[in-house]
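What follows is a set of notes on a single structure, which appears directly below.
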Amino acid sequence: MKIAVLMSTYNGHKYLDKQLKSIAEQTVVNHLTLYIRDDGSKDDTFDIIDKWKNKINIVLYKEKNAGPAMSFWQLLMKSEVKADYYAFCDQDDIWYENKIDKAVKTIRNKKGPILYCSDCEVINEKDVVIKETYQNKRPVITLESQLVCGSMQGCSMLFNNELKKIIVRYKSTQIPMHDIVIMYIALINGKVIYDKEPLFGYRMHSNNVVAKDNKSILKRLKSTYILWFESGKKYPIEEMVNDLLNNYSTILKYEDIEYLNLFLNYKRNIIKKIKIVFNSKTESSNQKGLRSFRIRVLLGII
């Protein structure tokens, strides 16, 4: 059994050592290779990685800065990254020793393309658990709900080689975040399994790329501004929908195609906006995210 763990590093001085320690302590560490794509670090990240090379099978790529989404995506697309199972790994979390073992055992005997996701505990900068579960309740995981508000982090995912073969064939014009795109592909082509057991510590800190919690008011406002006004320009939902339709129109359900088509040229069409906002498929277990989505649709900035 071969397991590929994919990590993107960038100036990992503060937390990387703890994360690598937790990978070295995985019960299946002898079966895994840690592929690291460094995104242009300027600190002692490489020295930290070198320290663990005698305990973890590490393949390191030192490359130019591409940002987190493209860094992970480029790593997954490398032809030499081959395994039976693939897992994404952030540089600042802490994995529990059974994280990979539990995920592999859950999907090992299942057929077809499978994406596994687990819950996690939330930890702060001092490794203290500040929330026993990231998901307040079982998340709604449908294609439409993930368009509204992605509910699973990439660091919670593990998928089999059947799904990876489909992912690498995906033709895209944009990758807003690698985990969102992979979730879409898995929902359309295979099956997503959610495990409510927390299997790692997801770190919330002031420099966290996505999370707003544990940030100052100013940084939270900045994150909201980026989500509302910059992401919509850089990664418009119309382009994502176009990608999905161009890749999978022959296998998508009719009702899913109907829903996706609402987003095409919706910005100047009040009827489409209203249909999206009040559609029964426009749902999410994240109620704040759902409200934000509806407002941004009406404003035409998503």
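Letters A, B, ... go to the chains of the structure tokens in the order shown; residues in each chain start at 1; ligands are counted from 1 in the same order.
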Query raised in the report: Can you list, as a PyMOL selection string, every protein, DNA or RNA residue that comes within 7 Å of Leu163 in chain A when you count only C-alpha atoms, leaving out same-chain residues fewer than 5 positions away?
Result: chain A and resi 113-114+186
Requested in this report: Would you kindly return, as a PyMOL selection string, each protein, DNA or RNA residue with an atom no farther than 12 Å from any atom of range 284-289 of chain A, considering only C-alpha atoms and excluding same-chain residues fewer than 2 positions away?
Outcome: chain A and resi 134-152+224+227-228+280-282+291-296
Report task. Could you give me, as a PyMOL selection string, the residues within 8 Å of His13 in chain A, counting only C-alpha atoms and dropping anything in the same chain fewer than 2 positions from it? Result -> chain A and resi 11+15-17+43-45+48
Query raised in the report: Interatomic distance between CA of Ala87 in chain A and CA of Asp127 in chain A?
Result: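 For CA of Ala87 in chain A relative to CA of Asp127 in chain A, the distance reads 22.1 Å.
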Closest atom pairs, residues of range 87-167 of chain A within 6 Å of range 187-206 of chain A, only C-alpha atoms, as a tab-separated table:
```
residue	atom	partner	partner_atom	distance
A:Asp93	CA	A:Tyr202	CA	5.1
A:Ile94	CA	A:Gly201	CA	5.0
A:Trp95	CA	A:Phe200	CA	4.3
A:Tyr96	CA	A:Phe200	CA	5.1
A:Lys99	CA	A:Leu199	CA	5.1
A:Pro113	CA	A:Gly190	CA	4.7
A:Ile114	CA	A:Lys191	CA	5.0
A:Leu115	CA	A:Val192	CA	4.8
A:Tyr116	CA	A:Ile193	CA	4.8
A:Cys117	CA	A:Tyr194	CA	5.0
A:Ser118	CA	A:Asp195	CA	4.5
A:Asp119	CA	A:Pro198	CA	4.4
A:Cys120	CA	A:Pro198	CA	3.7
A:Glu121	CA	A:Gly201	CA	4.9
A:Val122	CA	A:Tyr202	CA	4.8
A:Ile123	CA	A:Arg203	CA	4.8
A:Asn124	CA	A:Met204	CA	5.3
A:Glu125	CA	A:His205	CA	5.9
```
Using C-alpha atoms, can you export the residues from the last selection as an mmCIF file, in the first residue's frame?
```cif
data_model
loop_
_atom_site.group_PDB
_atom_site.id
_atom_site.type_symbol
_atom_site.label_atom_id
_atom_site.label_comp_id
_atom_site.auth_asym_id
_atom_site.auth_seq_id
_atom_site.Cartn_x
_atom_site.Cartn_y
_atom_site.Cartn_z
ATOM 1 C CA ASP A 93 -1.869 21.552 11.946
ATOM 2 C CA ILE A 94 -1.238 18.543 14.185
ATOM 3 C CA TRP A 95 -2.370 15.104 13.004
ATOM 4 C CA TYR A 96 -3.483 12.424 15.434
ATOM 5 C CA LYS A 99 -5.603 9.956 10.990
ATOM 6 C CA PRO A 113 -13.831 7.110 -6.951
ATOM 7 C CA ILE A 114 -14.032 7.902 -3.209
ATOM 8 C CA LEU A 115 -13.281 11.060 -1.246
ATOM 9 C CA TYR A 116 -13.062 10.741 2.535
ATOM 10 C CA CYS A 117 -13.322 13.739 4.895
ATOM 11 C CA SER A 118 -13.152 13.817 8.679
ATOM 12 C CA ASP A 119 -14.013 16.308 11.357
ATOM 13 C CA CYS A 120 -11.298 17.858 13.523
ATOM 14 C CA GLU A 121 -10.667 19.655 16.769
ATOM 15 C CA VAL A 122 -9.726 23.322 16.618
ATOM 16 C CA ILE A 123 -6.477 24.319 18.316
ATOM 17 C CA ASN A 124 -4.904 27.695 18.967
ATOM 18 C CA GLU A 125 -1.342 28.925 18.578
#
```
**Report entry** Contacts of Leu76 in chain A at 10 Å (only C-alpha atoms; same-chain gap of 6+ positions) as a ChimeraX atom specification
**Finding:** /A:4-7,35,37,70,82,86-88,164,167-168,178
Query - Using only C-alpha atoms: which of A:Cys155, A:Ile175, A:Val59, A:Ile180 has the shortest distance to Asp38 in chain A - result: A:Val59
Query raised in the report: Which neighbours of Ser172 in chain A fall inside 12 Å, counting only C-alpha atoms, when residues of the same chain fewer than 5 positions from it are skipped, and could you give them as a ChimeraX atom specification?
Result: /A:70,73,167,178,181-182,185,235,239-248
Hey, can you spit out that residue selection with N, CA and C atoms as a JSON list (two decimals), in the first residue's frame?
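See out06.json below for the written result:
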```json
[["chain", "number", "residue", "atom", "x", "y", "z"],
["A", 70, "MET", "N", -2.83, 26.90, -5.93],
["A", 70, "MET", "CA", -2.06, 26.40, -7.07],
["A", 70, "MET", "C", -0.87, 25.57, -6.63],
["A", 73, "TRP", "N", -2.26, 22.19, -6.06],
["A", 73, "TRP", "CA", -2.73, 21.66, -7.34],
["A", 73, "TRP", "C", -1.55, 21.21, -8.20],
["A", 167, "ILE", "N", -9.38, 13.46, -11.43],
["A", 167, "ILE", "CA", -8.97, 14.83, -11.10],
["A", 167, "ILE", "C", -7.96, 15.36, -12.11],
["A", 178, "HIS", "N", -7.92, 24.35, -4.07],
["A", 178, "HIS", "CA", -7.80, 22.97, -4.55],
["A", 178, "HIS", "C", -8.84, 22.05, -3.94],
["A", 181, "VAL", "N", -12.43, 22.42, -5.57],
["A", 181, "VAL", "CA", -12.52, 21.80, -6.90],
["A", 181, "VAL", "C", -12.58, 20.28, -6.77],
["A", 182, "ILE", "N", -11.77, 19.70, -5.91],
["A", 182, "ILE", "CA", -11.76, 18.25, -5.74],
["A", 182, "ILE", "C", -13.07, 17.76, -5.15],
["A", 185, "ILE", "N", -15.52, 17.60, -8.03],
["A", 185, "ILE", "CA", -15.22, 16.46, -8.90],
["A", 185, "ILE", "C", -15.67, 15.16, -8.27],
["A", 235, "TYR", "N", -12.10, 34.96, -9.04],
["A", 235, "TYR", "CA", -12.64, 33.62, -9.30],
["A", 235, "TYR", "C", -14.16, 33.69, -9.42],
["A", 239, "GLU", "N", -17.33, 31.26, -14.09],
["A", 239, "GLU", "CA", -16.25, 30.48, -14.70],
["A", 239, "GLU", "C", -16.17, 29.08, -14.10],
["A", 240, "MET", "N", -16.37, 28.99, -12.79],
["A", 240, "MET", "CA", -16.37, 27.67, -12.15],
["A", 240, "MET", "C", -17.50, 26.81, -12.69],
["A", 241, "VAL", "N", -18.68, 27.40, -12.80],
["A", 241, "VAL", "CA", -19.84, 26.68, -13.33],
["A", 241, "VAL", "C", -19.59, 26.26, -14.78],
["A", 242, "ASN", "N", -19.01, 27.15, -15.56],
["A", 242, "ASN", "CA", -18.67, 26.81, -16.95],
["A", 242, "ASN", "C", -17.73, 25.62, -17.01],
["A", 243, "ASP", "N", -16.72, 25.61, -16.13],
["A", 243, "ASP", "CA", -15.77, 24.49, -16.08],
["A", 243, "ASP", "C", -16.50, 23.18, -15.79],
["A", 244, "LEU", "N", -17.39, 23.21, -14.81],
["A", 244, "LEU", "CA", -18.13, 22.00, -14.43],
["A", 244, "LEU", "C", -19.00, 21.52, -15.57],
["A", 245, "LEU", "N", -19.69, 22.44, -16.23],
["A", 245, "LEU", "CA", -20.56, 22.05, -17.35],
["A", 245, "LEU", "C", -19.75, 21.54, -18.53],
["A", 246, "ASN", "N", -18.63, 22.18, -18.82],
["A", 246, "ASN", "CA", -17.79, 21.75, -19.94],
["A", 246, "ASN", "C", -17.17, 20.38, -19.71],
["A", 247, "ASN", "N", -16.85, 20.09, -18.46],
["A", 247, "ASN", "CA", -16.22, 18.80, -18.14],
["A", 247, "ASN", "C", -17.23, 17.68, -17.95],
["A", 248, "TYR", "N", -18.43, 18.01, -17.40],
["A", 248, "TYR", "CA", -19.29, 16.92, -16.92],
["A", 248, "TYR", "C", -20.76, 17.03, -17.34]]
```
Report task. Name the residues in contact with range 262-266 of chain A at a cut-off of 7 Å, using only C-alpha atoms, excluding same-chain residues fewer than 6 positions from it; report them as a VMD selection string. Result -> chain A and resid 238 272 to 273 276
Could you write out the selected residues, including N, CA and C atoms, as a PDB file, in the first residue's frame?
```pdb
ATOM      1  N   GLU A 238     -19.291  32.143 -12.301  1.00  0.00           N
ATOM      2  CA  GLU A 238     -19.672  31.781 -13.668  1.00  0.00           C
ATOM      3  C   GLU A 238     -18.601  30.921 -14.337  1.00  0.00           C
ATOM      4  N   LYS A 272     -32.814  35.558 -12.540  1.00  0.00           N
ATOM      5  CA  LYS A 272     -31.884  34.491 -12.174  1.00  0.00           C
ATOM      6  C   LYS A 272     -31.409  34.655 -10.727  1.00  0.00           C
ATOM      7  N   LYS A 273     -31.129  35.888 -10.326  1.00  0.00           N
ATOM      8  CA  LYS A 273     -30.689  36.138  -8.954  1.00  0.00           C
ATOM      9  C   LYS A 273     -31.737  35.662  -7.947  1.00  0.00           C
ATOM     10  N   ILE A 276     -31.931  31.887  -7.790  1.00  0.00           N
ATOM     11  CA  ILE A 276     -30.810  31.304  -7.039  1.00  0.00           C
ATOM     12  C   ILE A 276     -31.045  31.458  -5.540  1.00  0.00           C
TER      13      ILE A 276
END
```
Query - DSSP strand (DSSP E) selection over range 116-179 of chain A, as a list of chain:residue names - result: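 Restricting range 116-179 of chain A to strand (DSSP E) produces A:Tyr116, A:Cys117, A:Ser118, A:Asp119, A:Cys120, A:Glu121, A:Val122, A:Ile123, A:Val129, A:Ile130, A:Lys131, A:Met157, A:Leu158, A:Phe159, A:Asn160.
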Keeping only C-alpha atoms, write the selected residues as a short mmCIF file (atom, residue, chain, number, x, y, z; two decimals), in the first residue's frame.
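Now in again-v7.cif:
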```cif
data_model
loop_
_atom_site.label_atom_id
_atom_site.label_comp_id
_atom_site.auth_asym_id
_atom_site.auth_seq_id
_atom_site.Cartn_x
_atom_site.Cartn_y
_atom_site.Cartn_z
CA TYR A 116 -13.06 10.74 2.54
CA CYS A 117 -13.32 13.74 4.90
CA SER A 118 -13.15 13.82 8.68
CA ASP A 119 -14.01 16.31 11.36
CA CYS A 120 -11.30 17.86 13.52
CA GLU A 121 -10.67 19.66 16.77
CA VAL A 122 -9.73 23.32 16.62
CA ILE A 123 -6.48 24.32 18.32
CA VAL A 129 -8.06 22.73 22.01
CA ILE A 130 -10.47 25.66 21.80
CA LYS A 131 -13.26 23.77 20.08
CA MET A 157 -9.38 14.83 2.88
CA LEU A 158 -8.05 11.50 1.66
CA PHE A 159 -8.98 10.00 -1.70
CA ASN A 160 -8.20 6.91 -3.72
#
```
Query - Coordinates-based distance that separates CA of Lys51 in chain A from CA of Lys102 in chain A (Å, one decimal) - result: 27.0 Å
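For Glu63 in chain A, the residues within 12 Å (counting only C-alpha atoms, excluding itself and residues fewer than 5 positions away along the chain) are A:Ser8, A:Thr9, A:Tyr10, A:Ile36, A:Arg37, A:Asp38, A:Asp39, A:Gly40, A:Ser41, A:Lys42, A:Met70, A:Ser71, A:Phe72, A:Gln74, A:Leu75.
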Please produce an output containing N, CA and C atoms for each residue in the selection, written as a compact mmCIF listing (two decimals), in the first residue's frame.
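Final output, saved to out_33.txt:
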```txt
# COMPACT_ATOMS: atom_id res chain seq x y z
N SER A 8 2.10 21.73 1.09
CA SER A 8 2.67 22.96 0.56
C SER A 8 3.23 23.75 1.74
N THR A 9 4.50 24.14 1.66
CA THR A 9 5.11 24.91 2.75
C THR A 9 5.42 26.33 2.29
N TYR A 10 5.35 27.24 3.25
CA TYR A 10 5.75 28.62 3.00
C TYR A 10 6.09 29.27 4.34
N ILE A 36 6.52 17.38 -0.63
CA ILE A 36 6.44 18.78 -0.19
C ILE A 36 6.80 19.70 -1.36
N ARG A 37 5.90 20.61 -1.66
CA ARG A 37 6.21 21.67 -2.62
C ARG A 37 6.38 22.96 -1.84
N ASP A 38 7.61 23.46 -1.76
CA ASP A 38 7.82 24.73 -1.07
C ASP A 38 7.48 25.88 -2.00
N ASP A 39 6.73 26.83 -1.45
CA ASP A 39 6.17 27.92 -2.26
C ASP A 39 7.00 29.20 -2.14
N GLY A 40 8.32 29.04 -2.03
CA GLY A 40 9.19 30.21 -2.00
C GLY A 40 9.55 30.69 -0.61
N SER A 41 9.80 29.77 0.33
CA SER A 41 10.12 30.15 1.71
C SER A 41 11.43 30.93 1.80
N LYS A 42 11.47 31.86 2.78
CA LYS A 42 12.67 32.68 3.02
C LYS A 42 13.27 32.41 4.39
N MET A 70 -2.83 26.90 -5.93
CA MET A 70 -2.06 26.40 -7.07
C MET A 70 -0.87 25.57 -6.63
N SER A 71 -0.33 25.85 -5.46
CA SER A 71 0.80 25.07 -4.96
C SER A 71 0.39 23.63 -4.73
N PHE A 72 -0.74 23.42 -4.06
CA PHE A 72 -1.25 22.07 -3.86
C PHE A 72 -1.63 21.42 -5.19
N GLN A 74 -0.52 22.05 -8.28
CA GLN A 74 0.66 21.69 -9.07
C GLN A 74 1.34 20.45 -8.51
N LEU A 75 1.34 20.31 -7.20
CA LEU A 75 1.95 19.13 -6.58
C LEU A 75 1.18 17.87 -6.94
```
